[in-house]
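Chemist: You'll find protein-v4.tsv just under this line, and it carries TSV, C-alpha atoms.
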```tsv
chain	number	residue	atom	x	y	z
B	1	MET	CA	243.09	294.21	-13.18
B	2	VAL	CA	240.88	295.32	-16.09
B	3	ILE	CA	238.70	298.15	-14.74
B	4	PRO	CA	235.90	299.15	-17.09
B	5	SER	CA	235.60	302.77	-15.86
B	6	LYS	CA	238.14	305.52	-15.39
B	7	ILE	CA	236.07	307.03	-12.55
B	8	LEU	CA	236.09	303.69	-10.72
B	9	GLU	CA	239.81	303.25	-11.42
B	10	THR	CA	240.64	306.66	-9.92
B	11	ALA	CA	238.57	305.89	-6.81
B	12	VAL	CA	240.29	302.50	-6.41
B	13	ASP	CA	243.73	304.12	-6.79
B	14	GLU	CA	242.86	306.68	-4.12
B	15	ILE	CA	241.52	304.08	-1.68
B	16	ALA	CA	244.65	301.97	-2.26
B	17	THR	CA	246.75	304.83	-0.82
B	18	LEU	CA	245.41	303.89	2.65
B	19	PRO	CA	248.03	301.97	4.67
B	20	GLY	CA	247.93	298.23	4.01
B	21	VAL	CA	245.10	298.40	1.46
B	22	GLY	CA	245.77	296.66	-1.87
B	23	LYS	CA	243.97	297.09	-5.17
B	24	ARG	CA	241.64	294.17	-4.56
B	25	SER	CA	240.42	295.45	-1.17
B	26	ALA	CA	240.23	298.97	-2.58
B	27	MET	CA	237.93	297.68	-5.32
B	28	ARG	CA	235.73	296.02	-2.70
B	29	TYR	CA	235.47	299.24	-0.70
B	30	ALA	CA	234.83	301.32	-3.85
B	31	LEU	CA	231.97	299.07	-4.99
B	32	HIS	CA	230.54	299.04	-1.48
B	33	LEU	CA	230.48	302.85	-1.48
B	34	LEU	CA	229.09	302.92	-5.02
B	35	ASN	CA	226.23	300.63	-3.97
B	36	SER	CA	225.56	302.35	-0.64
B	37	SER	CA	222.55	304.59	-0.19
B	38	ASP	CA	222.93	308.33	-0.74
B	39	SER	CA	222.46	309.03	2.99
B	40	ASP	CA	225.01	306.39	4.04
B	41	PHE	CA	227.47	307.79	1.53
B	42	ALA	CA	226.89	311.35	2.75
B	43	ALA	CA	227.45	310.21	6.36
B	44	PHE	CA	230.68	308.48	5.35
B	45	ILE	CA	232.11	311.46	3.45
B	46	GLY	CA	230.81	313.89	6.09
B	47	ALA	CA	232.55	312.05	8.94
B	48	LEU	CA	235.89	312.01	7.10
B	49	THR	CA	235.63	315.67	6.08
B	50	ARG	CA	234.78	316.72	9.64
B	51	LEU	CA	237.73	314.70	10.92
B	52	LYS	CA	240.08	316.49	8.53
B	53	ASN	CA	238.64	320.00	8.96
B	54	ASP	CA	237.41	320.13	12.55
B	55	ALA	CA	239.80	317.90	14.51
B	56	HIS	CA	241.64	319.84	17.21
B	57	TYR	CA	244.73	318.94	19.15
B	58	CYS	CA	245.21	319.33	22.88
B	59	SER	CA	247.43	322.37	23.48
B	60	ARG	CA	249.34	320.50	26.18
B	61	CYS	CA	249.86	316.92	24.97
B	62	HIS	CA	249.06	317.36	21.22
B	63	CYS	CA	246.71	314.39	21.23
B	64	ILE	CA	243.56	314.73	19.15
B	65	SER	CA	240.84	316.36	21.25
B	66	ASP	CA	237.43	317.99	20.86
B	67	THR	CA	238.31	320.50	23.60
B	68	PRO	CA	241.31	322.91	23.78
B	69	VAL	CA	242.78	320.79	26.59
B	70	CYS	CA	242.06	317.06	26.30
B	71	PRO	CA	240.17	315.07	28.98
B	72	ILE	CA	243.38	313.29	30.04
B	73	CYS	CA	245.37	316.51	30.59
B	74	SER	CA	242.49	318.17	32.43
B	75	SER	CA	241.63	315.20	34.64
B	76	PRO	CA	242.37	315.79	38.36
B	77	LYS	CA	242.68	312.00	38.72
B	78	ARG	CA	245.82	311.84	36.55
B	79	ASN	CA	249.32	312.23	37.94
B	80	GLN	CA	250.34	315.62	36.50
B	81	LYS	CA	254.03	315.07	37.29
B	82	VAL	CA	254.60	312.16	34.90
B	83	VAL	CA	254.64	312.51	31.11
B	84	CYS	CA	254.78	309.58	28.70
B	85	VAL	CA	256.28	310.53	25.31
B	86	VAL	CA	254.71	308.64	22.39
B	87	GLU	CA	254.98	308.81	18.63
B	88	ASN	CA	251.30	309.10	17.69
B	89	ILE	CA	247.73	309.17	18.90
B	90	GLN	CA	247.32	305.40	18.47
B	91	GLU	CA	250.00	304.77	21.13
B	92	VAL	CA	248.02	306.95	23.57
B	93	MET	CA	245.01	304.75	22.92
B	94	ALA	CA	247.06	301.54	23.23
B	95	ILE	CA	248.45	302.60	26.63
B	96	GLU	CA	245.06	303.87	27.83
B	97	ASN	CA	243.58	300.49	26.93
B	98	THR	CA	245.93	298.78	29.40
B	99	GLY	CA	244.37	300.73	32.26
B	100	GLN	CA	247.83	300.69	33.93
B	101	TYR	CA	248.92	304.31	33.40
B	102	THR	CA	247.66	307.30	35.31
B	103	GLY	CA	250.05	310.03	34.14
B	104	LEU	CA	249.91	312.41	31.17
B	105	TYR	CA	251.10	312.06	27.58
B	106	HIS	CA	253.07	314.01	25.04
B	107	VAL	CA	252.44	313.15	21.37
B	108	LEU	CA	255.54	313.86	19.23
B	109	GLY	CA	253.78	313.41	15.89
B	110	GLY	CA	256.52	311.10	14.61
B	111	VAL	CA	260.15	310.22	15.23
B	112	ILE	CA	263.35	311.73	13.83
B	113	SER	CA	263.85	310.11	10.43
B	114	PRO	CA	266.16	311.92	8.00
B	115	LEU	CA	265.35	309.40	5.25
B	116	ASP	CA	261.68	310.37	5.43
B	117	GLY	CA	262.60	314.05	5.77
B	118	ILE	CA	261.34	314.24	9.37
B	119	GLY	CA	263.58	316.47	11.47
B	120	ILE	CA	263.47	317.81	15.00
B	121	ASN	CA	261.37	320.82	14.01
B	122	ASP	CA	258.63	318.63	12.51
B	123	LEU	CA	258.01	317.10	15.93
B	124	THR	CA	256.77	318.58	19.22
B	125	ILE	CA	260.08	318.04	21.05
B	126	ARG	CA	260.47	321.80	21.75
B	127	GLN	CA	256.95	321.86	23.22
B	128	LEU	CA	257.84	318.88	25.43
B	129	ILE	CA	260.93	320.63	26.80
B	130	ASP	CA	258.86	323.77	27.35
B	131	ARG	CA	256.42	321.81	29.53
B	132	ILE	CA	259.01	320.50	31.99
B	133	GLU	CA	259.52	323.55	34.23
B	134	PRO	CA	256.08	325.25	34.24
B	135	GLU	CA	254.31	321.90	34.83
B	136	GLN	CA	256.97	320.73	37.33
B	137	ILE	CA	257.33	317.38	35.55
B	138	GLU	CA	259.23	314.85	37.65
B	139	GLU	CA	259.39	311.87	35.30
B	140	VAL	CA	259.49	311.52	31.53
B	141	ILE	CA	258.73	308.04	30.18
B	142	LEU	CA	260.15	307.53	26.67
B	143	ALA	CA	257.73	305.16	24.94
B	144	LEU	CA	258.83	305.54	21.32
B	145	PRO	CA	259.04	302.57	18.93
B	146	THR	CA	262.02	300.24	19.43
B	147	THR	CA	263.42	301.10	16.00
B	148	MET	CA	266.58	302.95	15.02
B	149	GLU	CA	264.55	306.12	14.47
B	150	GLY	CA	262.81	305.68	17.81
B	151	ASP	CA	266.14	305.14	19.58
B	152	THR	CA	267.67	308.21	17.89
B	153	THR	CA	264.74	310.31	19.03
B	154	ASN	CA	264.96	308.87	22.56
B	155	ILE	CA	268.65	309.78	22.75
B	156	TYR	CA	268.01	313.31	21.46
B	157	ILE	CA	265.21	313.93	23.98
B	158	ASP	CA	267.26	312.40	26.81
B	159	ARG	CA	270.10	314.86	26.03
B	160	GLN	CA	267.70	317.81	26.06
B	161	LEU	CA	266.35	316.66	29.42
B	162	LYS	CA	269.87	316.69	30.91
B	163	ALA	CA	269.29	320.46	31.31
B	164	PHE	CA	266.82	319.66	34.10
B	165	PRO	CA	268.73	318.02	36.95
B	166	GLY	CA	266.59	315.81	39.14
B	167	ILE	CA	264.21	314.77	36.36
B	168	LYS	CA	263.78	311.03	36.04
B	169	VAL	CA	263.93	309.65	32.49
B	170	THR	CA	262.60	306.11	32.09
B	171	THR	CA	261.54	303.86	29.25
B	172	LEU	CA	259.22	300.88	28.84
B	173	ALA	CA	260.53	297.52	30.10
B	174	ARG	CA	261.90	295.25	27.38
B	175	GLY	CA	261.51	291.54	27.88
B	176	LEU	CA	259.37	288.52	27.25
B	177	ALA	CA	255.78	289.12	26.21
B	178	VAL	CA	253.20	287.62	28.56
B	179	GLY	CA	252.41	284.17	27.15
B	180	ASP	CA	255.75	283.96	25.30
B	181	ASN	CA	257.58	280.69	25.09
B	182	LEU	CA	261.32	281.15	25.77
B	183	GLU	CA	262.14	278.82	22.92
B	184	TYR	CA	260.55	281.15	20.36
B	185	ALA	CA	261.62	284.53	21.80
B	186	ASP	CA	264.19	286.35	19.63
B	187	GLU	CA	267.68	286.32	21.12
B	188	VAL	CA	267.99	290.11	21.52
B	189	THR	CA	264.80	290.27	23.59
B	190	LEU	CA	265.70	287.16	25.59
B	191	GLY	CA	269.22	288.52	26.17
B	192	ARG	CA	267.90	291.85	27.42
B	193	SER	CA	265.39	290.12	29.65
B	194	ILE	CA	268.24	288.27	31.39
B	195	ILE	CA	270.43	291.40	31.78
B	196	ASN	CA	267.48	293.48	33.08
B	197	ARG	CA	266.01	290.73	35.23
B	198	ILE	CA	263.61	291.91	37.93
B	199	PRO	CA	262.79	290.79	41.50
B	200	PHE	CA	260.37	287.87	41.24
B	201	ASP	CA	257.89	289.41	43.66
B	202	SER	CA	257.59	292.57	41.50
B	203	LEU	CA	255.68	290.59	38.84
N	204	MET	CA	239.09	301.11	22.47
N	205	VAL	CA	239.34	304.45	24.30
N	206	ILE	CA	239.06	307.15	21.59
N	207	PRO	CA	239.89	310.64	22.86
N	208	SER	CA	237.75	312.52	20.30
N	209	LYS	CA	234.13	312.18	19.23
N	210	ILE	CA	234.98	313.42	15.72
N	211	LEU	CA	237.63	310.72	15.38
N	212	GLU	CA	235.29	308.11	16.81
N	213	THR	CA	232.56	308.96	14.27
N	214	ALA	CA	235.06	308.77	11.41
N	215	VAL	CA	236.34	305.39	12.67
N	216	ASP	CA	232.77	304.07	12.97
N	217	GLU	CA	232.01	305.15	9.40
N	218	ILE	CA	235.19	303.62	7.97
N	219	ALA	CA	234.43	300.39	9.86
N	220	THR	CA	231.22	300.04	7.80
N	221	LEU	CA	233.40	299.10	4.79
N	222	PRO	CA	233.31	295.32	4.17
N	223	GLY	CA	235.90	293.42	6.19
N	224	VAL	CA	237.28	296.52	7.95
N	225	GLY	CA	237.49	296.29	11.76
N	226	LYS	CA	237.86	299.11	14.26
N	227	ARG	CA	241.64	298.78	14.43
N	228	SER	CA	242.14	299.08	10.67
N	229	ALA	CA	239.54	301.85	10.54
N	230	MET	CA	241.56	303.77	13.13
N	231	ARG	CA	244.70	303.34	11.01
N	232	TYR	CA	242.94	304.65	7.93
N	233	ALA	CA	241.37	307.55	9.85
N	234	LEU	CA	244.73	308.67	11.27
N	235	HIS	CA	246.32	308.30	7.84
N	236	LEU	CA	243.68	310.60	6.36
N	237	LEU	CA	243.99	312.99	9.29
N	238	ASN	CA	247.75	313.24	8.73
N	239	SER	CA	247.55	313.46	4.93
N	240	SER	CA	248.13	316.76	3.15
N	241	ASP	CA	245.11	318.90	2.26
N	242	SER	CA	245.58	318.22	-1.46
N	243	ASP	CA	245.88	314.45	-0.96
N	244	PHE	CA	242.76	314.49	1.19
N	245	ALA	CA	240.85	316.54	-1.38
N	246	ALA	CA	241.90	314.08	-4.12
N	247	PHE	CA	240.72	311.16	-1.97
N	248	ILE	CA	237.32	312.65	-1.17
N	249	GLY	CA	236.93	313.99	-4.73
N	250	ALA	CA	237.54	310.58	-6.29
N	251	LEU	CA	234.96	308.90	-4.02
N	252	THR	CA	232.39	311.64	-4.57
N	253	ARG	CA	232.83	311.49	-8.35
N	254	LEU	CA	232.46	307.71	-8.22
N	255	LYS	CA	229.18	308.03	-6.37
N	256	ASN	CA	227.75	310.95	-8.36
N	257	ASP	CA	229.13	310.52	-11.87
N	258	ALA	CA	229.40	306.76	-12.40
N	259	HIS	CA	227.28	305.57	-15.30
N	260	TYR	CA	226.11	302.10	-16.21
N	261	CYS	CA	226.15	300.54	-19.66
N	262	SER	CA	222.60	300.54	-21.03
N	263	ARG	CA	223.07	297.02	-22.40
N	264	CYS	CA	225.02	295.02	-19.80
N	265	HIS	CA	224.59	297.31	-16.73
N	266	CYS	CA	228.29	297.20	-15.97
N	267	ILE	CA	229.87	300.44	-14.75
N	268	SER	CA	230.97	302.49	-17.76
N	269	ASP	CA	232.08	306.01	-18.64
N	270	THR	CA	230.21	305.79	-21.96
N	271	PRO	CA	226.47	305.04	-22.58
N	272	VAL	CA	227.45	301.64	-24.00
N	273	CYS	CA	230.53	300.06	-22.41
N	274	PRO	CA	233.69	299.15	-24.37
N	275	ILE	CA	232.91	295.42	-24.07
N	276	CYS	CA	229.37	295.71	-25.48
N	277	SER	CA	230.49	298.00	-28.30
N	278	SER	CA	233.57	295.98	-29.28
N	279	PRO	CA	233.30	294.32	-32.74
N	280	LYS	CA	235.82	291.72	-31.53
N	281	ARG	CA	233.40	290.27	-28.95
N	282	ASN	CA	230.95	287.50	-29.73
N	283	GLN	CA	227.62	289.34	-29.59
N	284	LYS	CA	225.59	286.10	-29.44
N	285	VAL	CA	226.83	284.94	-26.04
N	286	VAL	CA	225.88	286.62	-22.74
N	287	CYS	CA	227.44	285.75	-19.40
N	288	VAL	CA	225.14	286.57	-16.45
N	289	VAL	CA	227.05	287.72	-13.34
N	290	GLU	CA	226.09	289.14	-9.97
N	291	ASN	CA	228.24	292.26	-9.88
N	292	ILE	CA	230.88	294.32	-11.61
N	293	GLN	CA	233.73	292.54	-9.82
N	294	GLU	CA	232.79	289.25	-11.52
N	295	VAL	CA	233.04	290.96	-14.91
N	296	MET	CA	236.55	292.04	-13.98
N	297	ALA	CA	237.45	288.58	-12.65
N	298	ILE	CA	236.34	286.89	-15.88
N	299	GLU	CA	237.99	289.56	-18.05
N	300	ASN	CA	241.23	288.96	-16.17
N	301	THR	CA	241.25	285.33	-17.29
N	302	GLY	CA	241.44	286.45	-20.93
N	303	GLN	CA	239.39	283.33	-21.80
N	304	TYR	CA	236.00	284.89	-22.57
N	305	THR	CA	235.09	286.78	-25.72
N	306	GLY	CA	231.33	287.19	-25.30
N	307	LEU	CA	229.23	289.87	-23.61
N	308	TYR	CA	228.04	290.24	-20.01
N	309	HIS	CA	224.86	291.00	-18.13
N	310	VAL	CA	225.25	292.38	-14.60
N	311	LEU	CA	222.26	291.48	-12.41
N	312	GLY	CA	223.19	293.78	-9.54
N	313	GLY	CA	222.74	291.00	-6.96
N	314	VAL	CA	220.95	287.68	-6.54
N	315	ILE	CA	217.45	286.89	-5.33
N	316	SER	CA	217.64	286.95	-1.52
N	317	PRO	CA	214.34	287.34	0.36
N	318	LEU	CA	216.22	287.54	3.69
N	319	ASP	CA	218.08	290.63	2.48
N	320	GLY	CA	214.93	292.03	0.88
N	321	ILE	CA	216.27	291.57	-2.66
N	322	GLY	CA	213.53	290.46	-5.02
N	323	ILE	CA	213.28	289.92	-8.77
N	324	ASN	CA	212.43	293.56	-9.44
N	325	ASP	CA	215.60	294.79	-7.70
N	326	LEU	CA	217.70	292.97	-10.28
N	327	THR	CA	218.09	293.40	-14.04
N	328	ILE	CA	216.52	290.02	-14.90
N	329	ARG	CA	213.74	291.68	-16.94
N	330	GLN	CA	216.37	293.63	-18.92
N	331	LEU	CA	218.24	290.37	-19.58
N	332	ILE	CA	215.12	288.69	-20.96
N	333	ASP	CA	214.42	291.77	-23.07
N	334	ARG	CA	217.87	291.48	-24.68
N	335	ILE	CA	217.44	287.89	-25.94
N	336	GLU	CA	215.34	288.44	-29.06
N	337	PRO	CA	216.52	291.85	-30.35
N	338	GLU	CA	220.16	290.89	-29.87
N	339	GLN	CA	219.59	287.33	-31.20
N	340	ILE	CA	221.38	285.83	-28.21
N	341	GLU	CA	222.23	282.17	-28.78
N	342	GLU	CA	223.81	281.24	-25.44
N	343	VAL	CA	223.34	282.46	-21.87
N	344	ILE	CA	226.07	281.46	-19.42
N	345	LEU	CA	224.84	281.55	-15.81
N	346	ALA	CA	227.87	282.55	-13.72
N	347	LEU	CA	226.22	283.44	-10.42
N	348	PRO	CA	227.76	282.49	-7.06
N	349	THR	CA	227.43	278.82	-6.06
N	350	THR	CA	225.27	279.71	-3.05
N	351	MET	CA	221.62	278.96	-2.35
N	352	GLU	CA	220.68	282.48	-3.47
N	353	GLY	CA	222.78	282.12	-6.61
N	354	ASP	CA	221.17	278.76	-7.39
N	355	THR	CA	217.66	280.17	-6.83
N	356	THR	CA	218.40	283.01	-9.21
N	357	ASN	CA	219.89	280.60	-11.77
N	358	ILE	CA	216.73	278.47	-11.67
N	359	TYR	CA	214.48	281.52	-12.01
N	360	ILE	CA	216.40	282.84	-15.03
N	361	ASP	CA	216.56	279.38	-16.60
N	362	ARG	CA	212.75	279.13	-16.37
N	363	GLN	CA	212.32	282.55	-18.00
N	364	LEU	CA	214.64	281.50	-20.80
N	365	LYS	CA	212.46	278.44	-21.54
N	366	ALA	CA	210.28	280.92	-23.49
N	367	PHE	CA	213.01	281.07	-26.12
N	368	PRO	CA	213.35	277.66	-27.74
N	369	GLY	CA	216.76	276.97	-29.20
N	370	ILE	CA	218.65	279.13	-26.69
N	371	LYS	CA	221.54	277.35	-25.01
N	372	VAL	CA	221.77	277.84	-21.23
N	373	THR	CA	225.12	276.86	-19.70
N	374	THR	CA	226.93	277.41	-16.42
N	375	LEU	CA	230.55	277.44	-15.30
N	376	ALA	CA	232.23	274.06	-14.88
N	377	ARG	CA	232.42	272.83	-11.28
N	378	GLY	CA	235.39	270.75	-10.32
N	379	LEU	CA	238.87	270.71	-8.91
N	380	ALA	CA	240.74	274.01	-8.86
N	381	VAL	CA	243.97	274.00	-10.83
N	382	GLY	CA	246.70	273.08	-8.33
N	383	ASP	CA	244.23	271.35	-5.99
N	384	ASN	CA	245.24	268.22	-4.17
N	385	LEU	CA	242.43	265.60	-4.30
N	386	GLU	CA	243.00	264.79	-0.63
N	387	TYR	CA	242.01	268.31	0.45
N	388	ALA	CA	239.16	268.97	-2.00
N	389	ASP	CA	235.73	269.09	-0.34
N	390	GLU	CA	233.61	266.02	-1.04
N	391	VAL	CA	230.80	267.87	-2.87
N	392	THR	CA	233.24	269.38	-5.36
N	393	LEU	CA	235.15	266.12	-5.75
N	394	GLY	CA	231.87	264.20	-6.19
N	395	ARG	CA	230.68	266.60	-8.88
N	396	SER	CA	234.01	266.46	-10.64
N	397	ILE	CA	233.65	262.67	-10.96
N	398	ILE	CA	230.04	262.81	-12.18
N	399	ASN	CA	230.81	265.58	-14.69
N	400	ARG	CA	234.15	264.15	-15.79
N	401	ILE	CA	235.43	265.44	-19.12
N	402	PRO	CA	237.43	263.95	-22.01
N	403	PHE	CA	241.10	264.01	-21.04
N	404	ASP	CA	242.14	265.70	-24.27
N	405	SER	CA	239.77	268.64	-23.65
N	406	LEU	CA	241.99	269.89	-20.83
```
Take the structure from the file and write it as structure tokens.
Modeler:
Amino acid sequence: MVIPSKILETAVDEIATLPGVGKRSAMRYALHLLNSSDSDFAAFIGALTRLKNDAHYCSRCHCISDTPVCPICSSPKRNQKVVCVVENIQEVMAIENTGQYTGLYHVLGGVISPLDGIGINDLTIRQLIDRIEPEQIEEVILALPTTMEGDTTNIYIDRQLKAFPGIKVTTLARGLAVGDNLEYADEVTLGRSIINRIPFDSL
Amino acid sequence: MVIPSKILETAVDEIATLPGVGKRSAMRYALHLLNSSDSDFAAFIGALTRLKNDAHYCSRCHCISDTPVCPICSSPKRNQKVVCVVENIQEVMAIENTGQYTGLYHVLGGVISPLDGIGINDLTIRQLIDRIEPEQIEEVILALPTTMEGDTTNIYIDRQLKAFPGIKVTTLARGLAVGDNLEYADEVTLGRSIINRIPFDSL
């Protein structure tokens, strides 16, 4: 793309570092910001700067929070004995949106991925283990992505949890998505859904 | 979407004001920025702020430019007698990318749109008219969008140009897109392409 201004080009390059944003979309966003009013632009930049500088994390579950302990961790309505381990904040929101989970969370901040230089100490695994006894956690649900890195992290956490006899370690059910046609389901998923079949009346 | 932090929610709302960005993408971008390093974040914000505060416009064609007169307007290789009228900077880039145009541009900054509160005085139509005589323009190419607002603006400019006898006013050819199948072309375009058919050897 021929860009007639270095300033515009730099802005487009920066916007294109956002995940899934190409040069063409970046140009659209850049020109939108360029043409926006001064007050709209100030609100935009202000909101992003506040997010970066003022965002806090819950001291228990490490989810983003405006208070030292997040509303989920401090809610008396939540089951304080169950902790769901997730990769990032967006998974907390995804599970909350289902309305089906009443326990707590623990945000790892990633998964073990040597290729990306993410090791055990870059994650909050230690902090998870340190929660188990004082909080009398009875069940840990491993809800990491179903990738090799996610599986590796699951296995590592599961081993660490072996130190606490009596703790239940579970993971999300794998199987057909609601609305899936058997014909189009991938064979690994379909295979697992046969092996791990469930009582019909539990649906 | 349940968002556990007001600061995050405000940032997501602001990002979602970008054209074509929904809440889900906005959340992805917000979390990406939140997790980016301080220097990357500063570069991102710096580039946008510089774009907004330091961007200049060419005094002749009103395209974004780092110099008082843009490289296109000041190039001796361009045909200084032909001006292509476009809505915005992105159309300049789109036409430049074709490599088929050697004349100059005039960026209107929008099209006449009473519903959006954009009138004649919000655009650079006056500045276009004021260029005709001193620059001895011989041809004006109207390359505005093929919408009602674009057509209205075309007609208005065409009328203003009637004051300059001998000036040639042209517009972009309408017809089949290269690679188009006749069967799937819309009937207005196909109809126009029959009426305005061209000598075969001009292709």
Chemist: May I have the protein, DNA and RNA residues with any atom at most 10 Å from the point (251.9, 320.9, 33.5), counting only C-alpha atoms, written as an NGL selection string?
Modeler: :B and (60-61 or 73-74 or 80-83 or 104 or 130-137)
Chemist: Next, write the just-selected residues to a file, as a PDB file, keeping the file's coordinate frame, keeping C-alpha atoms as the atom set.
Modeler:
```
ATOM      1  CA  ARG B  60     249.340 320.500  26.180  1.00  0.00           C
ATOM      2  CA  CYS B  61     249.860 316.920  24.970  1.00  0.00           C
ATOM      3  CA  CYS B  73     245.370 316.510  30.590  1.00  0.00           C
ATOM      4  CA  SER B  74     242.490 318.170  32.430  1.00  0.00           C
ATOM      5  CA  GLN B  80     250.340 315.620  36.500  1.00  0.00           C
ATOM      6  CA  LYS B  81     254.030 315.070  37.290  1.00  0.00           C
ATOM      7  CA  VAL B  82     254.600 312.160  34.900  1.00  0.00           C
ATOM      8  CA  VAL B  83     254.640 312.510  31.110  1.00  0.00           C
ATOM      9  CA  LEU B 104     249.910 312.410  31.170  1.00  0.00           C
ATOM     10  CA  ASP B 130     258.860 323.770  27.350  1.00  0.00           C
ATOM     11  CA  ARG B 131     256.420 321.810  29.530  1.00  0.00           C
ATOM     12  CA  ILE B 132     259.010 320.500  31.990  1.00  0.00           C
ATOM     13  CA  GLU B 133     259.520 323.550  34.230  1.00  0.00           C
ATOM     14  CA  PRO B 134     256.080 325.250  34.240  1.00  0.00           C
ATOM     15  CA  GLU B 135     254.310 321.900  34.830  1.00  0.00           C
ATOM     16  CA  GLN B 136     256.970 320.730  37.330  1.00  0.00           C
ATOM     17  CA  ILE B 137     257.330 317.380  35.550  1.00  0.00           C
TER      18      ILE B 137
END
```
Chemist: For range 171-185 of chain B, list every protein, DNA or RNA residue within 9 Å, evaluated using all atoms listed in the file, and leave out those in the same chain fewer than 2 positions away; present the list as a ChimeraX atom specification.
Modeler: /B:84,140-144,169,187-194,196-197
Chemist: Considering all atoms listed in the file, extract the chain N residues located within 7 Å of chain B and return them as a list of chain:residue names.
Modeler: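 Close enough to count are N:Met204, N:Val205, N:Ile206, N:Pro207, N:Ser208, N:Lys209, N:Ile210, N:Leu211, N:Thr213, N:Ala214, N:Glu217, N:Leu221, N:Pro222, N:Tyr232, N:His235, N:Leu237, N:Phe247, N:Ala250, N:Leu251, N:Arg253, N:Leu254, N:Lys255, N:Ala258, N:Ile267, N:Ser268, N:Asp269, N:Met296, N:Glu299, N:Asn300.
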Chemist: Just give me the gap between CA of Phe164 in chain B and CA of Pro145 in chain B in Å, one decimal is fine.
Modeler: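 Result for CA of Phe164 in chain B versus CA of Pro145 in chain B: 24.1 Å, one decimal.
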Chemist: Pick out the closest residue to Leu123 in chain B from this set: B:Glu87, B:Asp158, B:Glu149, B:Glu138. Count only C-alpha atoms.
Modeler: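 So, comparing all the options, the nearest one is B:Glu87.
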